[in-house]
file start-v5.pdb (PDB, C-alpha atoms)
MODEL        1
ATOM      1  CA  MET L   1      43.853  99.718 138.461
ATOM      2  CA  ASP L   2      47.539  99.023 138.135
ATOM      3  CA  LYS L   3      48.538 101.933 140.317
ATOM      4  CA  LYS L   4      50.901  99.905 142.487
ATOM      5  CA  LYS L   5      53.107  98.687 139.671
ATOM      6  CA  PRO L   6      56.301 100.717 139.114
ATOM      7  CA  LYS L   7      56.239 102.158 135.612
ATOM      8  CA  LYS L   8      58.961 103.123 133.233
ATOM      9  CA  VAL L   9      59.190 106.902 133.274
ATOM     10  CA  PHE L  10      62.309 107.735 131.284
ATOM     11  CA  VAL L  11      62.284 107.981 127.531
ATOM     12  CA  GLN L  12      65.348 108.561 125.377
ATOM     13  CA  GLY L  13      65.312 111.998 123.743
ATOM     14  CA  ALA L  14      62.298 114.264 123.231
ATOM     15  CA  ILE L  15      58.757 113.104 123.968
ATOM     16  CA  PRO L  16      56.944 113.000 120.606
ATOM     17  CA  PRO L  17      53.695 115.044 120.522
ATOM     18  CA  GLU L  18      51.952 111.936 119.142
ATOM     19  CA  LYS L  19      52.466 110.298 122.535
ATOM     20  CA  ILE L  20      50.057 112.790 124.092
ATOM     21  CA  ALA L  21      47.338 112.063 121.516
ATOM     22  CA  ASN L  22      47.878 108.311 121.901
ATOM     23  CA  SER L  23      47.659 108.544 125.688
ATOM     24  CA  VAL L  24      44.350 110.386 125.439
ATOM     25  CA  ALA L  25      43.043 107.835 122.935
ATOM     26  CA  ASN L  26      44.049 104.979 125.269
ATOM     27  CA  HIS L  27      41.799 106.381 128.000
ATOM     28  CA  GLN L  28      38.614 106.788 125.984
ATOM     29  CA  SER L  29      37.450 103.314 126.972
ATOM     30  CA  LYS L  30      37.655 104.264 130.681
ATOM     31  CA  THR L  31      34.246 105.842 130.982
ATOM     32  CA  ASN L  32      34.439 106.563 134.721
ATOM     33  CA  ILE L  33      36.883 109.348 133.805
ATOM     34  CA  GLY L  34      35.397 112.816 133.481
ATOM     35  CA  ALA L  35      38.558 114.888 133.275
ATOM     36  CA  HIS L  36      42.161 114.598 132.161
ATOM     37  CA  SER L  37      44.805 117.062 133.231
ATOM     38  CA  ILE L  38      48.008 117.315 131.234
ATOM     39  CA  PHE L  39      51.264 119.130 131.894
ATOM     40  CA  LEU L  40      53.872 119.400 129.154
ATOM     41  CA  GLY L  41      57.350 120.736 129.826
ATOM     42  CA  GLN L  42      58.984 122.267 126.757
ATOM     43  CA  ILE L  43      62.618 123.321 126.362
ATOM     44  CA  ARG L  44      62.860 127.108 126.356
ATOM     45  CA  ALA L  45      65.481 129.075 124.391
ATOM     46  CA  ASP L  46      66.759 130.977 127.438
ATOM     47  CA  GLU L  47      69.272 133.722 126.848
ATOM     48  CA  VAL L  48      72.236 133.937 129.237
ATOM     49  CA  ASP L  49      74.937 136.592 128.790
ATOM     50  CA  GLY L  50      74.044 137.022 125.121
ATOM     51  CA  LYS L  51      74.098 133.282 124.381
ATOM     52  CA  THR L  52      70.994 131.262 123.578
ATOM     53  CA  VAL L  53      70.167 127.785 124.859
ATOM     54  CA  THR L  54      69.669 125.347 121.969
ATOM     55  CA  ALA L  55      69.088 122.113 123.896
ATOM     56  CA  ILE L  56      69.190 120.466 127.306
ATOM     57  CA  ASP L  57      71.086 117.232 127.794
ATOM     58  CA  TYR L  58      69.412 115.319 130.647
ATOM     59  CA  THR L  59      71.089 112.734 132.847
ATOM     60  CA  ALA L  60      69.775 111.081 136.010
ATOM     61  CA  TYR L  61      70.631 108.845 138.912
ATOM     62  CA  GLU L  62      68.228 106.448 137.262
ATOM     63  CA  GLU L  63      67.784 103.829 139.989
ATOM     64  CA  MET L  64      67.010 106.466 142.610
ATOM     65  CA  ALA L  65      64.896 108.518 140.189
ATOM     66  CA  GLU L  66      62.680 105.527 139.348
ATOM     67  CA  LYS L  67      62.244 104.895 143.074
ATOM     68  CA  VAL L  68      61.331 108.540 143.761
ATOM     69  CA  PHE L  69      58.911 108.633 140.794
ATOM     70  CA  HIS L  70      57.229 105.580 142.304
ATOM     71  CA  GLU L  71      57.017 107.206 145.766
ATOM     72  CA  ILE L  72      55.479 110.343 144.228
ATOM     73  CA  ARG L  73      52.886 108.180 142.439
ATOM     74  CA  GLU L  74      52.038 106.353 145.656
ATOM     75  CA  ALA L  75      51.653 109.653 147.520
ATOM     76  CA  ALA L  76      49.486 111.092 144.736
ATOM     77  CA  PHE L  77      47.111 108.114 144.807
ATOM     78  CA  VAL L  78      46.743 108.480 148.585
ATOM     79  CA  LYS L  79      46.222 112.246 148.379
ATOM     80  CA  PHE L  80      43.935 112.498 145.347
ATOM     81  CA  ASP L  81      41.011 110.461 144.064
ATOM     82  CA  ILE L  82      42.538 109.910 140.633
ATOM     83  CA  THR L  83      41.779 107.061 138.250
ATOM     84  CA  CYS L  84      45.241 106.903 136.735
ATOM     85  CA  ALA L  85      48.458 108.814 136.355
ATOM     86  CA  HIS L  86      51.266 108.656 133.830
ATOM     87  CA  ILE L  87      54.640 110.383 133.870
ATOM     88  CA  TYR L  88      57.249 110.505 131.128
ATOM     89  CA  HIS L  89      60.583 112.325 131.392
ATOM     90  CA  SER L  90      63.310 112.649 128.814
ATOM     91  CA  LEU L  91      66.906 111.530 129.131
ATOM     92  CA  GLY L  92      69.612 112.649 126.707
ATOM     93  CA  LYS L  93      69.436 115.616 124.389
ATOM     94  CA  VAL L  94      66.175 117.517 123.904
ATOM     95  CA  ASN L  95      66.197 120.533 121.571
ATOM     96  CA  VAL L  96      64.418 123.819 122.249
ATOM     97  CA  GLY L  97      60.742 123.618 121.390
ATOM     98  CA  GLU L  98      60.646 119.891 122.117
ATOM     99  CA  LEU L  99      58.957 118.209 125.076
ATOM    100  CA  CYS L 100      60.889 116.870 128.075
ATOM    101  CA  LEU L 101      58.135 116.161 130.624
ATOM    102  CA  PHE L 102      54.628 114.777 130.183
ATOM    103  CA  VAL L 103      52.362 114.383 133.218
ATOM    104  CA  PHE L 104      48.895 112.990 132.594
ATOM    105  CA  THR L 105      46.320 112.437 135.352
ATOM    106  CA  SER L 106      42.689 111.409 135.065
ATOM    107  CA  SER L 107      39.813 111.629 137.498
ATOM    108  CA  ALA L 108      36.035 111.703 137.611
ATOM    109  CA  HIS L 109      36.207 115.474 138.154
ATOM    110  CA  ARG L 110      38.423 118.269 136.864
ATOM    111  CA  LYS L 111      39.541 119.895 140.117
ATOM    112  CA  ILE L 112      41.094 116.689 141.409
ATOM    113  CA  ALA L 113      42.916 115.986 138.146
ATOM    114  CA  ILE L 114      44.275 119.543 137.952
ATOM    115  CA  LYS L 115      45.492 119.465 141.573
ATOM    116  CA  ALA L 116      47.073 116.046 141.101
ATOM    117  CA  THR L 117      48.961 117.131 137.993
ATOM    118  CA  ASN L 118      50.265 120.179 139.807
ATOM    119  CA  PHE L 119      51.377 117.979 142.711
ATOM    120  CA  PHE L 120      53.266 115.661 140.347
ATOM    121  CA  VAL L 121      55.065 118.495 138.571
ATOM    122  CA  GLU L 122      56.164 120.233 141.774
ATOM    123  CA  GLU L 123      57.274 116.966 143.403
ATOM    124  CA  ILE L 124      59.187 115.871 140.312
ATOM    125  CA  LYS L 125      61.029 119.170 140.079
ATOM    126  CA  ALA L 126      61.918 119.160 143.774
ATOM    127  CA  LYS L 127      62.709 115.507 144.492
ATOM    128  CA  VAL L 128      63.829 113.553 141.441
ATOM    129  CA  PRO L 129      67.595 113.370 140.823
ATOM    130  CA  VAL L 130      67.615 114.558 137.219
ATOM    131  CA  PHE L 131      70.332 116.883 135.957
ATOM    132  CA  GLY L 132      70.197 119.188 132.952
ATOM    133  CA  LYS L 133      73.083 120.538 130.922
ATOM    134  CA  GLU L 134      71.933 123.610 128.986
ATOM    135  CA  ILE L 135      73.814 123.689 125.717
ATOM    136  CA  PHE L 136      74.377 127.015 123.947
ATOM    137  CA  GLU L 137      74.744 127.582 120.202
ATOM    138  CA  ASP L 138      78.556 127.854 120.538
ATOM    139  CA  GLU L 139      78.686 124.379 122.202
ATOM    140  CA  THR L 140      79.483 125.834 125.651
ATOM    141  CA  HIS L 141      77.129 124.880 128.466
ATOM    142  CA  GLN L 142      75.863 125.639 131.953
ATOM    143  CA  TRP L 143      74.047 123.436 134.472
ATOM    144  CA  LYS L 144      70.348 124.066 134.940
ATOM    145  CA  VAL L 145      68.967 124.511 138.463
ATOM    146  CA  ASN L 146      65.264 124.303 139.265
ATOM    147  CA  GLY L 147      63.937 127.449 140.905
TER
ATOM    148  CA  MET S 148      85.722  98.740 153.884
ATOM    149  CA  LYS S 149      84.720  99.620 150.385
ATOM    150  CA  VAL S 150      82.101 102.090 149.206
ATOM    151  CA  THR S 151      81.059 103.009 145.689
ATOM    152  CA  ILE S 152      80.854 106.720 144.937
ATOM    153  CA  LYS S 153      78.680 107.923 142.062
ATOM    154  CA  TYR S 154      79.068 111.383 140.608
ATOM    155  CA  PHE S 155      76.402 113.205 138.619
ATOM    156  CA  GLY S 156      75.978 116.359 136.558
ATOM    157  CA  LEU S 157      78.395 119.146 137.371
ATOM    158  CA  VAL S 158      80.058 117.019 140.067
ATOM    159  CA  ALA S 159      80.852 114.286 137.510
ATOM    160  CA  GLU S 160      82.132 116.960 135.165
ATOM    161  CA  ALA S 161      84.439 118.447 137.825
ATOM    162  CA  ALA S 162      85.615 115.008 138.997
ATOM    163  CA  GLU S 163      86.060 113.802 135.396
ATOM    164  CA  LYS S 164      84.498 110.491 136.354
ATOM    165  CA  SER S 165      81.088 109.081 137.063
ATOM    166  CA  GLU S 166      81.955 106.357 139.531
ATOM    167  CA  GLU S 167      84.754 104.991 141.689
ATOM    168  CA  VAL S 168      85.234 102.497 144.499
ATOM    169  CA  LEU S 169      87.013 103.858 147.573
ATOM    170  CA  GLU S 170      88.681 101.910 150.336
ATOM    171  CA  LEU S 171      87.901 103.658 153.628
ATOM    172  CA  ASN S 172      89.684 103.289 156.922
ATOM    173  CA  GLY S 173      87.671 103.845 160.073
ATOM    174  CA  GLU S 174      84.235 105.310 160.599
ATOM    175  CA  LEU S 175      83.087 108.052 158.313
ATOM    176  CA  THR S 176      79.761 109.806 157.900
ATOM    177  CA  ALA S 177      78.319 110.517 154.472
ATOM    178  CA  LEU S 178      78.966 114.220 155.018
ATOM    179  CA  GLU S 179      82.632 113.585 155.853
ATOM    180  CA  LEU S 180      83.034 111.481 152.719
ATOM    181  CA  LYS S 181      81.407 114.209 150.626
ATOM    182  CA  ALA S 182      83.847 116.794 151.991
ATOM    183  CA  GLN S 183      86.729 114.467 151.182
ATOM    184  CA  CYS S 184      85.500 113.788 147.622
ATOM    185  CA  LEU S 185      84.760 117.414 146.801
ATOM    186  CA  GLU S 186      87.843 118.906 148.473
ATOM    187  CA  SER S 187      89.976 119.185 145.367
ATOM    188  CA  LEU S 188      87.157 119.870 142.923
ATOM    189  CA  ALA S 189      86.340 123.233 141.383
ATOM    190  CA  ILE S 190      82.703 123.470 142.415
ATOM    191  CA  ALA S 191      81.390 126.923 143.300
ATOM    192  CA  ASP S 192      78.588 125.868 145.656
ATOM    193  CA  LYS S 193      79.522 122.670 147.477
ATOM    194  CA  GLU S 194      76.693 123.207 149.968
ATOM    195  CA  SER S 195      74.188 122.607 147.176
ATOM    196  CA  VAL S 196      75.503 119.085 146.556
ATOM    197  CA  GLN S 197      73.240 116.546 148.271
ATOM    198  CA  ILE S 198      74.222 113.048 149.346
ATOM    199  CA  ALA S 199      72.240 109.879 148.805
ATOM    200  CA  VAL S 200      73.292 106.689 150.563
ATOM    201  CA  ASN S 201      71.820 103.596 148.921
ATOM    202  CA  GLN S 202      69.408 105.886 147.036
ATOM    203  CA  ASN S 203      68.103 107.753 150.080
ATOM    204  CA  LEU S 204      69.051 111.348 150.836
ATOM    205  CA  ASN S 205      71.022 111.280 154.067
ATOM    206  CA  ASP S 206      74.201 113.006 155.163
ATOM    207  CA  THR S 207      74.414 112.074 158.821
ATOM    208  CA  ILE S 208      74.523 108.307 158.402
ATOM    209  CA  THR S 209      77.751 106.440 159.205
ATOM    210  CA  LEU S 210      78.887 104.517 156.146
ATOM    211  CA  LYS S 211      79.268 100.776 156.075
ATOM    212  CA  ASP S 212      80.913  98.298 153.748
ATOM    213  CA  GLY S 213      79.214  98.014 150.366
ATOM    214  CA  ASP S 214      77.309 101.303 150.555
ATOM    215  CA  GLU S 215      76.564 103.237 147.391
ATOM    216  CA  VAL S 216      77.064 106.957 147.927
ATOM    217  CA  ALA S 217      75.866 109.412 145.294
ATOM    218  CA  LEU S 218      76.863 113.068 145.113
ATOM    219  CA  LEU S 219      73.920 114.926 143.618
ATOM    220  CA  PRO S 220      74.084 118.513 142.351
ATOM    221  CA  PRO S 221      70.879 120.588 142.285
ATOM    222  CA  PHE S 222      67.984 118.821 140.570
ATOM    223  CA  ALA S 223      66.828 120.090 137.199
ATOM    224  CA  GLY S 224      64.028 117.790 136.116
ATOM    225  CA  GLY S 225      61.053 118.961 134.112
TER
ENDMDL
END

call {"tool": "encode", "arguments": {"input": "start-v5.pdb", "output": "structure tokens"}}
result
Amino acid sequence: MDKKKPKKVFVQGAIPPEKIANSVANHQSKTNIGAHSIFLGQIRADEVDGKTVTAIDYTAYEEMAEKVFHEIREAAFVKFDITCAHIYHSLGKVNVGELCLFVFTSSAHRKIAIKATNFFVEEIKAKVPVFGKEIFEDETHQWKVNG
Amino acid sequence: MKVTIKYFGLVAEAAEKSEEVLELNGELTALELKAQCLESLAIADKESVQIAVNQNLNDTITLKDGDEVALLPPFAGG
């Protein structure tokens, strides 16, 4: 496995739904896998003071973010008996209804894959220096904060 | 000594810049530099701004020449 190699996580703009299907297809030759677990983050049309979010514009401290993504991967491979793990996160503008985060883990058994995916999502939200500007329909904005 | 300051998200917006190089005189911790950089900025919750020195979160470290200091507002990934 190539689990030690740092991987490119950021993609410009929304993550196309086709990427999920392609990722699944790419793992069908790995017959030691018995379960995939997938998390997809989608931009929600939140309403704040009567205004509706239409998009989030993501920026990041990219060098540090890539390093932290790598550390999270390393920790996940130590903690869970997973076969592989893939993370993709958007940069730039992603409209409501589009995908901004794709976490994909595979294992021999479902419970491990599900736990690993959950670990990735929580770690990413807490530790990766990504910033989100929520843009409203009138072009005003507010800064998103992870709860 | 010179340090590079990087601003992100709402901090970059308030500072109206994303990066600058500052010439510092004497010893300064990351936290002291943060206070100095944010002093004149209209940021409601300055406590929530974290500091990374050379890409590691750390506010107690004493800065040295060539350091890269990043001022990071709350994370919003995912």

call {"tool": "atom_distance", "arguments": {"input": "start-v5.pdb", "atom1": "CA of Val150 (chain S)", "atom2": "CA of Leu180 (chain S)"}}
result
10.1 Å

call {"tool": "resolve_selection", "arguments": {"input": "start-v5.pdb", "expression": "the ChimeraX specification (/S :<8) & /L", "output": "list in words"}}
result
Gly41, Thr59, Ala60, Tyr61, Glu63, Met64, His89, Cys100, Leu101, Val121, Ile124, Lys125, Ala126, Lys127, Val128, Pro129, Val130, Phe131, Gly132, Lys133, Trp143, Lys144, Val145 and Asn146 of chain L

call {"tool": "closest_residue", "arguments": {"input": "start-v5.pdb", "among": "S:Thr151, S:Asp192, S:Ile208, S:Val158", "to": "Leu175 (chain S)", "atoms": "only C-alpha atoms"}}
result
S:Ile208

call {"tool": "atom_distance", "arguments": {"input": "start-v5.pdb", "atom1": "CA of Ala191 (chain S)", "atom2": "CA of Glu170 (chain S)"}}
result
27.0 Å

call {"tool": "resolve_selection", "arguments": {"input": "start-v5.pdb", "expression": "the PyMOL selection byres ((chain L and resi 94) around 6)", "output": "list of chain:residue names"}}
result
L:Gly13, L:Ala14, L:Ala55, L:Ile56, L:Lys93, L:Asn95

call {"tool": "resolve_selection", "arguments": {"input": "start-v5.pdb", "expression": "the PyMOL selection byres ((chain L and resi 27-30) around 12)", "output": "count of residues only"}}
result
23

call {"tool": "residues_around", "arguments": {"input": "start-v5.pdb", "residues": "Asn172 (chain S)", "least_positions_apart": "6", "cutoff": "12 Å", "atoms": "only C-alpha atoms", "output": "PyMOL selection string"}}
result
chain S and resi 148-150+180+210-212

call {"tool": "axis_aligned_box", "arguments": {"input": "start-v5.pdb", "around": "region 55-74 of chain L", "padding_each_side": "5 Å", "output": "JSON"}}
result
{"center_x": 61.6, "center_y": 113.0, "center_z": 134.8, "size_x": 29.1, "size_y": 28.3, "size_z": 31.9}

call {"tool": "closest_residue", "arguments": {"input": "start-v5.pdb", "among": "S:Val168, S:Ala182, S:Val216, S:Ile152", "to": "Val200 (chain S)", "atoms": "only C-alpha atoms"}}
result
S:Val216

call {"tool": "closest_residue", "arguments": {"input": "start-v5.pdb", "among": "S:Ala159, S:Asp214, S:Leu169, S:Glu174", "to": "Val196 (chain S)", "atoms": "all atoms listed in the file"}}
result
S:Ala159

call {"tool": "atom_distance", "arguments": {"input": "start-v5.pdb", "atom1": "CA of Ala161 (chain S)", "atom2": "CA of Ile198 (chain S)"}}
result
16.3 Å

call {"tool": "closest_residue", "arguments": {"input": "start-v5.pdb", "among": "L:Tyr58, L:Tyr88, L:Phe69, L:Phe120", "to": "Ile15 (chain L)", "atoms": "only C-alpha atoms"}}
result
L:Tyr88

call {"tool": "residues_near_point", "arguments": {"input": "start-v5.pdb", "point": "(47.4, 109.8, 144.3)", "cutoff": "10 Å", "atoms": "only C-alpha atoms", "output": "ChimeraX atom specification"}}
result
/L:3,72-85,105,112-113,116-117,119-120

call {"tool": "residues_around", "arguments": {"input": "start-v5.pdb", "residues": "Ile43 (chain L)", "least_positions_apart": "3", "cutoff": "6 Å", "atoms": "all atoms listed in the file", "output": "compact mmCIF listing (two decimals) with C-alpha atoms, keeping the file's coordinate frame"}}
result
# COMPACT_ATOMS: atom_id res chain seq x y z
CA VAL L 96 64.42 123.82 122.25
CA GLY L 97 60.74 123.62 121.39
CA GLU L 98 60.65 119.89 122.12
